[in-house]
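Have a look at input37.cif; it's mmCIF, C-alpha atoms:
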```cif
data_final
loop_
_atom_site.label_atom_id
_atom_site.label_comp_id
_atom_site.auth_asym_id
_atom_site.auth_seq_id
_atom_site.Cartn_x
_atom_site.Cartn_y
_atom_site.Cartn_z
CA MET S 1 95.29 87.49 100.32
CA THR S 2 97.67 87.43 103.27
CA GLU S 3 98.28 90.24 105.75
CA ASN S 4 101.74 90.86 104.27
CA ALA S 5 100.18 91.15 100.81
CA LYS S 6 97.78 93.77 102.20
CA LYS S 7 100.76 95.73 103.59
CA TYR S 8 102.44 95.43 100.16
CA LEU S 9 99.31 96.91 98.55
CA ALA S 10 99.20 99.72 101.11
CA SER S 11 102.81 100.56 100.19
CA GLY S 12 101.78 101.29 96.62
CA ALA S 13 102.01 97.95 94.81
CA PRO S 14 99.33 97.08 92.24
CA GLU S 15 96.68 94.45 93.03
CA PHE S 16 96.60 93.37 89.37
CA LEU S 17 99.60 93.15 87.08
CA MET S 18 100.00 92.45 83.36
CA HIS S 19 102.72 89.93 82.45
CA GLY S 20 102.78 89.73 78.69
CA GLU S 21 99.15 89.27 77.67
CA HIS S 22 98.08 87.70 80.97
CA LYS S 23 96.56 89.52 83.94
CA GLY S 24 97.60 88.33 87.40
CA ARG S 25 96.22 89.06 90.85
CA LEU S 26 98.35 89.56 93.97
CA VAL S 27 98.11 86.59 96.35
CA ASP S 28 101.18 86.87 98.63
CA VAL S 29 104.69 88.34 98.91
CA GLN S 30 108.15 86.84 98.54
CA PRO S 31 110.82 88.04 101.03
CA LEU S 32 114.02 89.36 99.48
CA LEU S 33 117.24 90.65 101.05
CA ASP S 34 117.47 93.63 103.45
CA GLY S 35 113.75 93.67 104.34
CA TYR S 36 112.44 94.05 100.81
CA VAL S 37 109.59 91.99 99.36
CA THR S 38 108.12 91.46 95.91
CA GLY S 39 104.64 90.32 94.95
CA ILE S 40 103.57 86.81 94.09
CA TYR S 41 100.87 87.02 91.44
CA ARG S 42 98.45 84.31 90.27
CA PHE S 43 98.13 84.02 86.50
CA PRO S 44 96.08 81.58 84.41
CA GLY S 45 99.10 79.23 84.15
CA GLY S 46 100.09 79.42 87.84
CA THR S 47 101.83 81.77 90.28
CA CYS S 48 105.08 83.67 89.84
CA CYS S 49 107.05 86.74 90.92
CA PRO S 50 107.20 88.68 87.66
CA ALA S 51 109.99 91.16 87.00
CA GLU S 52 107.32 93.87 86.60
CA ALA S 53 106.35 93.53 90.29
CA PRO S 54 107.81 96.33 92.42
CA GLN S 55 110.32 95.53 95.14
CA LEU S 56 109.28 97.42 98.26
CA LYS S 57 110.38 97.61 101.88
CA ILE S 58 107.41 97.00 104.18
#
```

Any chance you could put this one into structure tokens?
Amino acid sequence: MTENAKKYLASGAPEFLMHGEHKGRLVDVQPLLDGYVTGIYRFPGGTCCPAEAPQLKI
């Protein structure tokens, strides 16, 4: 897990996230506009930024 992912967790994001029936674990963050980020989660089929991941400013 990267340092930015640790900051994302400290801001209240979940370490594990359900996406359908699959459980994913936070591995990194994806920068968005205006200083916001969203989580990149690793699932059994690969990594993605699910819509369920919170968008936070860190």

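Counting from atom CA of S:Ala5, the distance to atom CA of S:Ile40 is 8.7 Å.
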
Expected selection from the PyMOL selection byres ((chain S and resi 48-56) around 6), given as a list in words
Tyr36, Val37, Thr38, Gly39, Ile40, Tyr41, Thr47 and Lys57 of chain S

Could you work out how far atom CA of S:Arg42 lies from atom CA of S:Gly12, giving the answer in Å with one decimal?
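Rounded to one decimal, the two atoms are 18.4 Å apart.
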
Can you sort out the box for stretch 46-49 of chain S, edges along x, y and z, all listed atoms in, 3 Å on every side, with centre and edge lengths in Å to one decimal, as JSON?
```
{"center_x": 103.6, "center_y": 83.1, "center_z": 89.4, "size_x": 13.0, "size_y": 13.3, "size_z": 9.1}
```

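Nearest to S:Val29 of all the residues S:Pro14, S:Asn4, S:Ile58, S:Leu9 is S:Asn4, based on only C-alpha atoms.
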
Could you check how far atom CA of S:Lys23 sits from atom CA of S:Gly35, in Å to one decimal?
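Rounded to one decimal, the two atoms are 27.0 Å apart.
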